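Listing of my_file23.tsv; format and content: TSV, C-alpha atoms and all ligand atoms.
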chain	number	residue	atom	x	y	z
J	1	MET	CA	5.94	-37.82	-32.73
J	2	THR	CA	4.38	-37.18	-36.13
J	3	GLY	CA	6.20	-34.58	-38.14
J	4	ARG	CA	8.70	-32.38	-36.35
J	5	PRO	CA	6.83	-29.64	-34.45
J	6	ARG	CA	8.94	-26.73	-33.31
J	7	PRO	CA	9.96	-27.45	-29.68
J	8	ALA	CA	8.70	-23.98	-28.73
J	9	VAL	CA	5.25	-24.86	-30.05
J	10	ALA	CA	5.19	-28.39	-28.60
J	11	ALA	CA	5.91	-26.81	-25.19
J	12	LEU	CA	3.16	-24.15	-25.50
J	13	PRO	CA	0.32	-24.69	-23.03
J	14	GLY	CA	-2.18	-23.14	-25.49
J	15	TYR	CA	-4.72	-20.44	-24.60
J	16	LYS	CA	-7.14	-21.49	-21.86
J	17	PRO	CA	-10.59	-20.02	-22.52
J	18	GLY	CA	-13.09	-19.43	-19.73
J	19	ARG	CA	-15.07	-22.54	-18.88
J	20	SER	CA	-18.54	-22.93	-20.36
J	21	ALA	CA	-21.58	-23.06	-18.10
J	22	ALA	CA	-22.51	-26.43	-19.66
J	23	ALA	CA	-19.16	-28.00	-18.76
J	24	ALA	CA	-19.43	-26.78	-15.17
J	25	ALA	CA	-23.04	-27.92	-14.88
J	26	ALA	CA	-22.15	-31.41	-16.13
J	27	GLU	CA	-19.22	-31.75	-13.73
J	28	HIS	CA	-21.11	-30.65	-10.64
J	29	GLY	CA	-24.45	-32.23	-11.50
J	30	ILE	CA	-26.35	-28.92	-11.52
J	31	SER	CA	-28.67	-27.47	-14.13
J	32	ASP	CA	-28.56	-23.71	-13.81
J	33	ALA	CA	-24.87	-22.79	-14.07
J	34	ILE	CA	-24.04	-19.29	-15.35
J	35	LYS	CA	-20.80	-18.18	-17.02
J	36	MET	CA	-19.16	-15.04	-15.67
J	37	ALA	CA	-15.72	-16.04	-16.87
J	38	SER	CA	-14.94	-14.40	-20.21
J	39	ASN	CA	-15.88	-10.72	-19.84
J	40	GLU	CA	-18.68	-11.01	-22.37
J	41	LEU	CA	-21.49	-8.46	-22.53
J	42	PRO	CA	-24.81	-9.64	-20.99
J	43	PHE	CA	-26.84	-8.51	-24.03
J	44	GLY	CA	-27.48	-9.90	-27.48
J	45	PRO	CA	-26.54	-7.83	-30.53
J	46	LEU	CA	-28.23	-4.44	-31.01
J	47	PRO	CA	-31.16	-4.71	-33.49
J	48	SER	CA	-29.35	-2.63	-36.12
J	49	VAL	CA	-26.22	-4.78	-35.75
J	50	ALA	CA	-28.23	-8.01	-35.99
J	51	GLY	CA	-29.85	-6.59	-39.14
J	52	ALA	CA	-26.48	-5.82	-40.70
J	53	ILE	CA	-25.27	-9.34	-39.96
J	54	SER	CA	-28.40	-10.89	-41.52
J	55	ALA	CA	-27.99	-8.74	-44.62
J	56	GLY	CA	-24.39	-9.95	-44.94
J	57	ILE	CA	-25.37	-13.63	-45.12
J	58	GLU	CA	-25.79	-13.22	-48.86
J	59	TYR	CA	-22.08	-12.50	-49.24
J	60	ILE	CA	-20.50	-15.31	-47.25
J	61	GLY	CA	-19.73	-17.29	-50.39
J	62	LEU	CA	-17.31	-14.54	-51.38
J	63	TYR	CA	-14.02	-13.45	-49.89
J	64	ALA	CA	-14.41	-10.28	-47.86
J	65	ASP	CA	-12.41	-7.11	-48.51
J	66	HIS	CA	-8.99	-8.18	-47.12
J	67	GLY	CA	-8.08	-4.60	-46.24
J	68	ALA	CA	-11.50	-3.89	-44.68
J	69	SER	CA	-11.21	-0.43	-46.18
J	70	GLY	CA	-14.73	0.72	-45.27
J	71	LEU	CA	-14.32	-0.34	-41.67
J	72	ARG	CA	-10.88	1.24	-41.38
J	73	ALA	CA	-12.21	4.50	-42.74
J	74	ALA	CA	-15.13	4.45	-40.29
J	75	ILE	CA	-12.83	3.78	-37.32
J	76	ALA	CA	-10.46	6.52	-38.50
J	77	ALA	CA	-13.34	8.99	-38.80
J	78	SER	CA	-14.69	8.16	-35.34
J	79	GLU	CA	-11.20	8.55	-33.81
J	80	GLY	CA	-10.27	11.67	-35.77
J	81	LEU	CA	-7.30	9.88	-37.37
J	82	ASP	CA	-6.15	9.17	-40.94
J	83	THR	CA	-7.09	5.82	-42.48
J	84	GLU	CA	-3.35	4.98	-42.69
J	85	GLN	CA	-3.27	5.12	-38.87
J	86	VAL	CA	-5.81	2.30	-38.51
J	87	THR	CA	-5.84	-1.42	-39.16
J	88	VAL	CA	-8.18	-4.25	-38.26
J	89	GLY	CA	-7.57	-7.90	-37.39
J	90	ALA	CA	-9.21	-11.08	-36.12
J	91	GLY	CA	-9.96	-9.73	-32.66
J	92	SER	CA	-7.46	-7.55	-30.88
J	93	ALA	CA	-5.81	-10.82	-29.80
J	94	GLY	CA	-5.16	-11.43	-33.49
J	95	ILE	CA	-3.54	-8.02	-33.78
J	96	LEU	CA	-1.42	-8.59	-30.67
J	97	GLN	CA	-0.14	-11.81	-32.21
J	98	GLN	CA	0.55	-9.99	-35.49
J	99	LEU	CA	2.52	-7.34	-33.60
J	100	VAL	CA	4.73	-9.98	-32.02
J	101	LEU	CA	5.17	-11.82	-35.34
J	102	SER	CA	6.01	-8.57	-37.11
J	103	TYR	CA	8.48	-7.20	-34.59
J	104	VAL	CA	9.97	-9.85	-32.31
J	105	GLY	CA	12.49	-12.56	-33.19
J	106	VAL	CA	14.10	-15.52	-31.42
J	107	GLY	CA	16.01	-14.45	-28.32
J	108	GLU	CA	14.73	-10.86	-28.36
J	109	SER	CA	12.70	-9.57	-25.44
J	110	VAL	CA	9.06	-8.80	-24.75
J	111	ALA	CA	8.31	-7.01	-21.48
J	112	MET	CA	5.08	-6.72	-19.51
J	113	CYS	CA	3.78	-6.42	-15.99
J	114	TRP	CA	2.31	-9.53	-14.40
J	115	PRO	CA	-0.35	-10.77	-13.85
J	116	SER	CA	-1.83	-9.45	-17.06
J	117	PHE	CA	-3.53	-10.80	-20.20
J	118	GLU	CA	-2.62	-14.48	-20.52
J	119	ALA	CA	-2.17	-14.33	-24.29
J	120	TYR	CA	0.94	-12.08	-24.03
J	121	PRO	CA	3.35	-14.81	-22.81
J	122	LEU	CA	1.91	-17.27	-25.32
J	123	PHE	CA	2.62	-14.94	-28.23
J	124	ALA	CA	6.12	-14.25	-26.89
J	125	ALA	CA	6.80	-17.99	-26.54
J	126	LEU	CA	5.55	-18.62	-30.08
J	127	VAL	CA	8.46	-16.61	-31.51
J	128	GLU	CA	10.90	-17.90	-28.85
J	129	ALA	CA	11.34	-14.48	-27.35
J	130	ASN	CA	12.60	-13.83	-23.83
J	131	GLU	CA	9.79	-12.81	-21.59
J	132	VAL	CA	10.40	-10.15	-18.97
J	133	ARG	CA	7.71	-9.95	-16.30
J	134	VAL	CA	7.63	-7.06	-13.85
J	135	PRO	CA	5.31	-7.57	-10.85
J	136	LEU	CA	2.26	-5.35	-10.46
J	137	ILE	CA	2.31	-3.04	-7.46
J	138	ASP	CA	-0.99	-2.95	-5.52
J	139	GLU	CA	-2.63	-4.79	-8.44
J	140	MET	CA	-1.51	-1.94	-10.73
J	141	PHE	CA	0.85	-1.72	-13.69
J	142	ASP	CA	4.27	-0.53	-12.48
J	143	LEU	CA	5.37	1.72	-15.34
J	144	VAL	CA	8.56	2.80	-13.56
J	145	GLY	CA	9.60	-0.82	-13.04
J	146	LEU	CA	8.60	-1.67	-16.59
J	147	SER	CA	10.68	1.19	-17.95
J	148	ALA	CA	13.70	-0.02	-15.95
J	149	ALA	CA	13.25	-3.52	-17.43
J	150	ILE	CA	13.68	-2.27	-21.01
J	151	ASP	CA	17.10	-2.76	-22.60
J	152	ASP	CA	18.55	-3.01	-26.12
J	153	SER	CA	17.04	-6.45	-26.66
J	154	THR	CA	13.49	-5.27	-25.82
J	155	LYS	CA	11.45	-5.07	-29.01
J	156	LEU	CA	7.96	-4.74	-27.57
J	157	VAL	CA	6.26	-3.84	-24.29
J	158	PHE	CA	2.65	-4.63	-23.41
J	159	VAL	CA	0.66	-2.21	-21.27
J	160	ALA	CA	-2.94	-3.28	-20.58
J	161	ASN	CA	-5.09	-0.33	-19.51
J	162	PRO	CA	-7.36	-1.31	-17.81
J	163	ASN	CA	-5.35	-4.36	-16.87
J	164	ASN	CA	-6.89	-7.81	-17.18
J	165	PRO	CA	-7.37	-9.57	-14.72
J	166	THR	CA	-7.03	-6.87	-12.04
J	167	GLY	CA	-9.21	-4.19	-13.67
J	168	THR	CA	-6.89	-1.40	-12.55
J	169	VAL	CA	-5.82	1.61	-14.64
J	170	VAL	CA	-2.78	3.82	-14.90
J	171	SER	CA	-3.27	7.50	-15.75
J	172	THR	CA	-2.71	8.81	-19.26
J	173	ALA	CA	-0.19	11.28	-17.78
J	174	ASP	CA	1.81	8.36	-16.37
J	175	ILE	CA	1.70	6.62	-19.75
J	176	ALA	CA	3.00	9.81	-21.39
J	177	THR	CA	5.88	9.96	-18.88
J	178	PHE	CA	6.60	6.27	-19.50
J	179	LEU	CA	6.63	6.76	-23.29
J	180	ASP	CA	9.26	9.48	-22.90
J	181	THR	CA	11.60	6.86	-21.38
J	182	VAL	CA	11.14	4.20	-24.09
J	183	PRO	CA	13.46	4.30	-27.11
J	184	THR	CA	11.68	4.39	-30.48
J	185	SER	CA	13.41	1.07	-31.26
J	186	CYS	CA	10.93	-0.54	-28.86
J	187	LEU	CA	7.18	-0.68	-29.54
J	188	VAL	CA	4.75	0.17	-26.77
J	189	VAL	CA	1.50	-1.74	-27.24
J	190	LEU	CA	-1.26	-0.11	-25.23
J	191	ASP	CA	-4.00	-2.74	-24.98
J	192	GLU	CA	-7.29	-0.93	-24.43
J	193	ALA	CA	-9.71	-3.85	-24.78
J	194	TYR	CA	-11.84	-2.35	-21.97
J	195	ALA	CA	-11.39	1.37	-22.76
J	196	GLU	CA	-15.11	2.04	-23.11
J	197	PHE	CA	-15.81	0.96	-19.50
J	198	VAL	CA	-13.30	3.33	-17.88
J	199	THR	CA	-14.78	6.03	-15.64
J	200	ASP	CA	-11.58	7.12	-13.82
J	201	ASN	CA	-11.02	10.64	-15.13
J	202	ARG	CA	-7.23	10.31	-14.94
J	203	VAL	CA	-7.58	8.24	-18.08
J	204	THR	CA	-8.06	10.44	-21.13
J	205	ASP	CA	-7.99	9.86	-24.89
J	206	SER	CA	-4.70	8.07	-25.52
J	207	THR	CA	-4.81	8.75	-29.27
J	208	ALA	CA	-3.50	12.23	-28.40
J	209	LEU	CA	-0.15	10.52	-27.64
J	210	LEU	CA	0.23	9.06	-31.14
J	211	SER	CA	1.59	12.17	-32.86
J	212	LYS	CA	4.54	12.45	-30.48
J	213	HIS	CA	5.28	8.69	-30.23
J	214	PRO	CA	5.53	6.78	-33.53
J	215	ASN	CA	6.39	3.63	-31.53
J	216	LEU	CA	3.02	3.66	-29.74
J	217	VAL	CA	0.28	1.28	-30.93
J	218	ILE	CA	-3.16	1.28	-29.31
J	219	THR	CA	-5.28	-1.86	-29.66
J	220	ARG	CA	-9.04	-1.96	-29.12
J	221	THR	CA	-11.80	-4.45	-29.84
J	222	PHE	CA	-15.42	-4.94	-30.81
J	223	SER	CA	-15.52	-7.99	-28.50
J	224	LYS	CA	-16.12	-6.32	-25.16
J	225	ALA	CA	-18.15	-3.08	-25.09
J	226	HIS	CA	-19.64	-3.73	-28.54
J	227	GLY	CA	-20.61	-7.28	-27.55
J	228	LEU	CA	-19.33	-8.91	-30.75
J	229	ALA	CA	-16.78	-11.34	-29.26
J	230	GLY	CA	-17.86	-14.25	-31.45
J	231	LEU	CA	-17.33	-12.35	-34.70
J	232	ARG	CA	-13.61	-11.70	-34.06
J	233	VAL	CA	-12.84	-8.13	-34.96
J	234	GLY	CA	-10.41	-5.76	-33.30
J	235	TYR	CA	-8.36	-2.77	-34.41
J	236	ALA	CA	-5.07	-1.00	-33.93
J	237	LEU	CA	-4.30	2.73	-34.00
J	238	GLY	CA	-0.75	3.88	-34.65
J	239	GLY	CA	1.69	5.49	-37.02
J	240	PRO	CA	1.37	4.51	-40.71
J	241	GLU	CA	4.74	2.71	-40.68
J	242	VAL	CA	3.82	0.42	-37.78
J	243	ILE	CA	0.31	-0.10	-39.15
J	244	GLY	CA	1.88	-1.26	-42.44
J	245	MET	CA	4.10	-3.75	-40.60
J	246	ILE	CA	1.12	-5.18	-38.73
J	247	ASP	CA	-0.72	-5.65	-42.04
J	248	ARG	CA	2.08	-7.81	-43.42
J	249	THR	CA	1.24	-10.61	-40.99
J	250	LEU	CA	-2.55	-10.56	-41.42
J	251	VAL	CA	-3.90	-13.98	-42.41
J	252	PRO	CA	-5.64	-13.54	-45.78
J	253	PHE	CA	-9.28	-12.43	-45.32
J	254	ALA	CA	-9.02	-12.85	-41.53
J	255	VAL	CA	-11.81	-10.36	-40.85
J	256	ASN	CA	-14.89	-11.80	-42.51
J	257	GLU	CA	-17.74	-9.93	-44.18
J	258	LEU	CA	-20.20	-10.42	-41.30
J	259	ALA	CA	-17.64	-9.10	-38.82
J	260	GLN	CA	-16.92	-6.04	-40.97
J	261	ARG	CA	-20.63	-5.29	-41.40
J	262	ALA	CA	-21.40	-5.78	-37.73
J	263	ALA	CA	-18.52	-3.55	-36.66
J	264	LEU	CA	-19.62	-0.81	-39.07
J	265	ALA	CA	-23.19	-1.00	-37.79
J	266	SER	CA	-21.96	-0.90	-34.19
J	267	ILE	CA	-19.93	2.25	-34.87
J	268	ALA	CA	-23.07	3.79	-36.36
J	269	ALA	CA	-24.95	2.83	-33.18
J	270	ALA	CA	-22.28	4.21	-30.82
J	271	ASP	CA	-24.85	6.00	-28.64
J	272	GLU	CA	-26.74	2.77	-28.00
J	273	MET	CA	-23.46	0.97	-27.32
J	274	ARG	CA	-22.55	3.62	-24.74
J	275	GLU	CA	-25.98	3.26	-23.06
J	276	ARG	CA	-25.33	-0.45	-22.60
J	277	VAL	CA	-21.86	0.21	-21.28
J	278	ALA	CA	-23.38	2.62	-18.75
J	279	VAL	CA	-25.69	-0.16	-17.54
J	280	VAL	CA	-22.71	-2.48	-17.05
J	281	VAL	CA	-20.71	0.24	-15.29
J	282	ALA	CA	-23.60	0.93	-12.89
J	283	GLU	CA	-23.80	-2.80	-12.08
J	284	ARG	CA	-20.02	-2.91	-11.65
J	285	GLN	CA	-20.17	-0.14	-9.08
J	286	ARG	CA	-23.09	-1.83	-7.29
J	287	VAL	CA	-21.19	-5.14	-7.09
J	288	ALA	CA	-18.01	-3.39	-5.90
J	289	SER	CA	-19.95	-1.53	-3.19
J	290	ARG	CA	-21.59	-4.76	-2.03
J	291	LEU	CA	-18.19	-6.45	-1.88
J	292	HIS	CA	-16.77	-3.60	0.19
J	293	ALA	CA	-19.79	-3.72	2.49
J	294	LEU	CA	-19.19	-7.45	2.96
J	295	GLY	CA	-15.59	-6.73	3.98
J	296	TRP	CA	-13.79	-7.69	0.77
J	297	THR	CA	-10.80	-5.63	-0.37
J	298	VAL	CA	-10.96	-5.28	-4.15
J	299	PRO	CA	-9.15	-2.83	-6.42
J	300	ASP	CA	-11.25	-0.12	-8.12
J	301	PRO	CA	-12.74	-1.97	-11.12
J	302	GLN	CA	-12.45	-0.13	-14.44
J	303	GLY	CA	-13.32	-2.94	-16.89
J	304	ASN	CA	-16.49	-5.06	-17.07
J	305	PHE	CA	-15.28	-7.36	-14.29
J	306	VAL	CA	-14.23	-7.35	-10.65
J	307	TRP	CA	-11.07	-8.85	-9.22
J	308	LEU	CA	-10.81	-10.73	-5.94
J	309	PRO	CA	-7.08	-10.84	-5.10
J	310	VAL	CA	-7.41	-13.90	-2.85
J	311	GLY	CA	-3.92	-15.31	-3.51
J	312	ASP	CA	-3.62	-18.95	-2.49
J	313	ASP	CA	-7.40	-19.28	-2.11
J	314	ALA	CA	-7.96	-18.59	-5.84
J	315	VAL	CA	-8.40	-22.12	-7.18
J	316	ALA	CA	-10.43	-23.32	-4.18
J	317	LEU	CA	-12.68	-20.27	-4.35
J	318	GLY	CA	-13.17	-20.73	-8.10
J	319	VAL	CA	-14.21	-24.36	-7.57
J	320	ALA	CA	-16.51	-23.47	-4.65
J	321	LEU	CA	-18.28	-20.79	-6.73
J	322	GLU	CA	-18.59	-23.24	-9.60
J	323	GLN	CA	-20.25	-25.79	-7.33
J	324	GLN	CA	-22.83	-23.06	-6.66
J	325	GLY	CA	-23.30	-22.75	-10.43
J	326	VAL	CA	-21.28	-19.56	-10.87
J	327	VAL	CA	-18.42	-20.03	-13.32
J	328	THR	CA	-15.67	-17.46	-12.81
J	329	ARG	CA	-12.03	-17.31	-13.85
J	330	ALA	CA	-9.50	-18.37	-11.23
J	331	PHE	CA	-5.82	-17.47	-11.64
J	332	ALA	CA	-3.88	-19.95	-9.51
J	333	GLY	CA	-2.16	-18.33	-6.54
J	334	VAL	CA	-3.33	-14.84	-7.49
J	335	GLY	CA	-7.07	-14.26	-7.56
J	336	VAL	CA	-10.48	-14.73	-9.12
J	337	ARG	CA	-11.92	-12.58	-11.92
J	338	VAL	CA	-15.68	-12.22	-12.17
J	339	THR	CA	-17.42	-10.74	-15.20
J	340	ILE	CA	-20.16	-8.18	-14.57
J	341	ALA	CA	-23.36	-9.59	-16.05
J	342	SER	CA	-27.08	-8.89	-15.58
J	343	GLU	CA	-28.37	-7.71	-12.20
J	344	ALA	CA	-29.82	-11.18	-11.53
J	345	TRP	CA	-26.56	-12.97	-12.35
J	346	ASN	CA	-24.51	-10.51	-10.33
J	347	ASP	CA	-26.81	-11.15	-7.37
J	348	ARG	CA	-26.31	-14.88	-7.82
J	349	PHE	CA	-22.55	-14.37	-7.71
J	350	LEU	CA	-22.80	-12.25	-4.55
J	351	ALA	CA	-25.05	-14.83	-2.87
J	352	ALA	CA	-22.73	-17.68	-3.90
J	353	LEU	CA	-19.68	-15.82	-2.62
J	354	THR	CA	-21.34	-15.12	0.72
J	355	ALA	CA	-22.37	-18.76	0.98
J	356	VAL	CA	-18.93	-20.22	0.27
J	357	ARG	CA	-16.82	-17.54	2.01
J	358	PRO	CA	-18.81	-15.94	4.84
J	359	THR	CA	-15.48	-14.45	5.91
J	360	PRO	CA	-13.64	-12.56	3.12
J	361	THR	CA	-10.30	-14.03	2.06
J	362	CYS	CA	-8.99	-10.72	0.70
T	1	LIG	C1	-10.47	-9.73	-24.22
T	1	LIG	C2	-9.10	-9.12	-24.32
T	1	LIG	C3	-8.45	-8.94	-25.53
T	1	LIG	C4	-8.82	-9.52	-26.84
T	1	LIG	O1	-10.07	-9.66	-27.20
T	1	LIG	P1	-10.42	-9.96	-28.72
T	1	LIG	O2	-11.71	-10.67	-28.60
T	1	LIG	O3	-9.34	-10.79	-29.31
T	1	LIG	O4	-10.50	-8.63	-29.37
T	1	LIG	C5	-7.24	-8.29	-25.56
T	1	LIG	N1	-6.69	-7.83	-24.44
T	1	LIG	C6	-7.26	-7.99	-23.26
T	1	LIG	C7	-6.58	-7.44	-22.05
T	1	LIG	C8	-8.49	-8.66	-23.14
T	1	LIG	O5	-9.01	-8.87	-21.96
How does this structure look as structure tokens?
Amino acid sequence: MTGRPRPAVAALPGYKPGRSAAAAAAEHGISDAIKMASNELPFGPLPSVAGAISAGIEYIGLYADHGASGLRAAIAASEGLDTEQVTVGAGSAGILQQLVLSYVGVGESVAMCWPSFEAYPLFAALVEANEVRVPLIDEMFDLVGLSAAIDDSTKLVFVANPNNPTGTVVSTADIATFLDTVPTSCLVVLDEAYAEFVTDNRVTDSTALLSKHPNLVITRTFSKAHGLAGLRVGYALGGPEVIGMIDRTLVPFAVNELAQRAALASIAAADEMRERVAVVVAERQRVASRLHALGWTVPDPQGNFVWLPVGDDAVALGVALEQQGVVTRAFAGVGVRVTIASEAWNDRFLAALTAVRPTPTC
């Protein structure tokens, strides 16, 4: 072994990204594979956002504004918060990692429901924290069980709403009740990567909870609804004290100039962003209805993806779909997550599913 890597790092499996269409096509000897594996938006950048990125090219020889002050101010204004209640990072995944680095030490605990976002356990393992996983109930976050799992050693709790990979939501009222049970010595990280896609009216603006709960941090991203995944920019909303602690672990200049400009332009084009989200939501409902009509039992999807809780059939179903040229994300022993894409791609998925599983396996 060269050097002496930390055993905790040497043992880390590393984040597994969704498979590319090209890799799947090469393996199965096909030419028209499509990727519905990473919850990306099926559109290119909005014209005004593309323009802002082009204009920023001139500045890439310079370091960007480390504090991204213009972008923070714009996010604060659009959320009705103070600038001190906002920070930005390299994707919301970057911010989640910063939160763990800033708050959790060796042997302390991080709690979450499971299955959920695969990066959470990786970040916990990175700092050699104990991981506490509470099972979902009916594919949904179990906030009562999660609350019961919190003890003195628990520094941070992840709540994904909507949850990834199941797409389910918990109500804002239930989150408020949950927050009342969590001591302020424990951070509650409410991961809202898919907030813009939610149509369930039990979910309301969670920023209203911030004033009463200084230990609440809400994370959001420009990767999903804004369609800027490749630029790596996400943000956190919280109390000024927690925001300041997150900032201490930001890699210098992590959010580059192009990302800052694109995010600013996308905020300015919020109406167009919402129109695109509405298109995805309409497709999501169409796909869910088709699945129900075909006899599949899927939880109400609230993100830009649907979840097939097929259990032990997950890996086999993922491979079978891939052989049909449809790359999805299989979670071994649990289910298959399929990103909502264009109407044509969604139809290809439905046709592939019907071809490989004429009889539903969930
Ligand atoms: C996609 C995703 C993120 C992070 O996305 P970034 O591109 O890092 O902003 C965070 N949480 C969940 C649940 C996600 O699905």
Next item on the list: Compute the set of protein, DNA and RNA residues whose minimum atom distance to ligand LIG 1 (chain T) is at most 10 Å, using all atoms listed in the file, and state it as a PyMOL selection string.
Entry: chain J and resi 38-40+89-97+116-120+158-165+167+190-194+219-224+227-235+303-304
Could you write those residues out with C-alpha atoms, as an mmCIF file, keeping the file's coordinate frame?
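Just written: part39.cif:
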data_model
loop_
_atom_site.group_PDB
_atom_site.id
_atom_site.type_symbol
_atom_site.label_atom_id
_atom_site.label_comp_id
_atom_site.auth_asym_id
_atom_site.auth_seq_id
_atom_site.Cartn_x
_atom_site.Cartn_y
_atom_site.Cartn_z
ATOM 1 C CA SER J 38 -14.940 -14.400 -20.210
ATOM 2 C CA ASN J 39 -15.880 -10.720 -19.840
ATOM 3 C CA GLU J 40 -18.680 -11.010 -22.370
ATOM 4 C CA GLY J 89 -7.570 -7.900 -37.390
ATOM 5 C CA ALA J 90 -9.210 -11.080 -36.120
ATOM 6 C CA GLY J 91 -9.960 -9.730 -32.660
ATOM 7 C CA SER J 92 -7.460 -7.550 -30.880
ATOM 8 C CA ALA J 93 -5.810 -10.820 -29.800
ATOM 9 C CA GLY J 94 -5.160 -11.430 -33.490
ATOM 10 C CA ILE J 95 -3.540 -8.020 -33.780
ATOM 11 C CA LEU J 96 -1.420 -8.590 -30.670
ATOM 12 C CA GLN J 97 -0.140 -11.810 -32.210
ATOM 13 C CA SER J 116 -1.830 -9.450 -17.060
ATOM 14 C CA PHE J 117 -3.530 -10.800 -20.200
ATOM 15 C CA GLU J 118 -2.620 -14.480 -20.520
ATOM 16 C CA ALA J 119 -2.170 -14.330 -24.290
ATOM 17 C CA TYR J 120 0.940 -12.080 -24.030
ATOM 18 C CA PHE J 158 2.650 -4.630 -23.410
ATOM 19 C CA VAL J 159 0.660 -2.210 -21.270
ATOM 20 C CA ALA J 160 -2.940 -3.280 -20.580
ATOM 21 C CA ASN J 161 -5.090 -0.330 -19.510
ATOM 22 C CA PRO J 162 -7.360 -1.310 -17.810
ATOM 23 C CA ASN J 163 -5.350 -4.360 -16.870
ATOM 24 C CA ASN J 164 -6.890 -7.810 -17.180
ATOM 25 C CA PRO J 165 -7.370 -9.570 -14.720
ATOM 26 C CA GLY J 167 -9.210 -4.190 -13.670
ATOM 27 C CA LEU J 190 -1.260 -0.110 -25.230
ATOM 28 C CA ASP J 191 -4.000 -2.740 -24.980
ATOM 29 C CA GLU J 192 -7.290 -0.930 -24.430
ATOM 30 C CA ALA J 193 -9.710 -3.850 -24.780
ATOM 31 C CA TYR J 194 -11.840 -2.350 -21.970
ATOM 32 C CA THR J 219 -5.280 -1.860 -29.660
ATOM 33 C CA ARG J 220 -9.040 -1.960 -29.120
ATOM 34 C CA THR J 221 -11.800 -4.450 -29.840
ATOM 35 C CA PHE J 222 -15.420 -4.940 -30.810
ATOM 36 C CA SER J 223 -15.520 -7.990 -28.500
ATOM 37 C CA LYS J 224 -16.120 -6.320 -25.160
ATOM 38 C CA GLY J 227 -20.610 -7.280 -27.550
ATOM 39 C CA LEU J 228 -19.330 -8.910 -30.750
ATOM 40 C CA ALA J 229 -16.780 -11.340 -29.260
ATOM 41 C CA GLY J 230 -17.860 -14.250 -31.450
ATOM 42 C CA LEU J 231 -17.330 -12.350 -34.700
ATOM 43 C CA ARG J 232 -13.610 -11.700 -34.060
ATOM 44 C CA VAL J 233 -12.840 -8.130 -34.960
ATOM 45 C CA GLY J 234 -10.410 -5.760 -33.300
ATOM 46 C CA TYR J 235 -8.360 -2.770 -34.410
ATOM 47 C CA GLY J 303 -13.320 -2.940 -16.890
ATOM 48 C CA ASN J 304 -16.490 -5.060 -17.070
#
Notebook entry, point to check: Skipping near chain neighbours, those fewer than 2 positions away, what residues fall within 8 Å of segment 142-157 of chain J using only C-alpha atoms, listed as number ranges by chain?
Noted result: J: 100, 103-104, 108-113, 132, 134-137, 140, 159, 174-175, 178, 181-182, 185-189
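Proximity to Asp82 of chain J was assessed for J:Ile218, J:Leu237, J:Ala8, J:Leu179 counting all atoms listed in the file; the smallest distance is recorded for J:Leu237.
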Next item on the list: Go ahead and compute the interatomic distance for atom CA of Leu41 of chain J and atom CA of Asn346 of chain J, in Å to one decimal.
Entry: 12.7 Å
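Comparing J:Glu27, J:Glu79, J:Asp347, J:Asp65 by their smallest distance to Leu210 of chain J, the closest is J:Glu79 (using all atoms listed in the file).
Counting from atom CA of Phe331 of chain J, the distance to atom CA of Ala352 of chain J is 18.6 Å.
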Margin query: Within 10 Å of (-17.8, -9.8, -7.1) in the file's own coordinates, which protein, DNA or RNA residues have an atom, counting only C-alpha atoms? List them as a PyMOL selection string.
Written below: chain J and resi 284+286-292+296+298+305-308+328+336-340+346-353
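Using only C-alpha atoms, the nearest neighbour of Val251 of chain J within the list J:Ala278, J:Ala268, J:Leu101, J:Ile34 is J:Leu101.
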Check: Which neighbours of Gly18 of chain J fall inside 9 Å, counting only C-alpha atoms, when residues of the same chain fewer than 4 positions from it are skipped, and could you give them as a ChimeraX atom specification?
Finding: /J:35-38,327-329
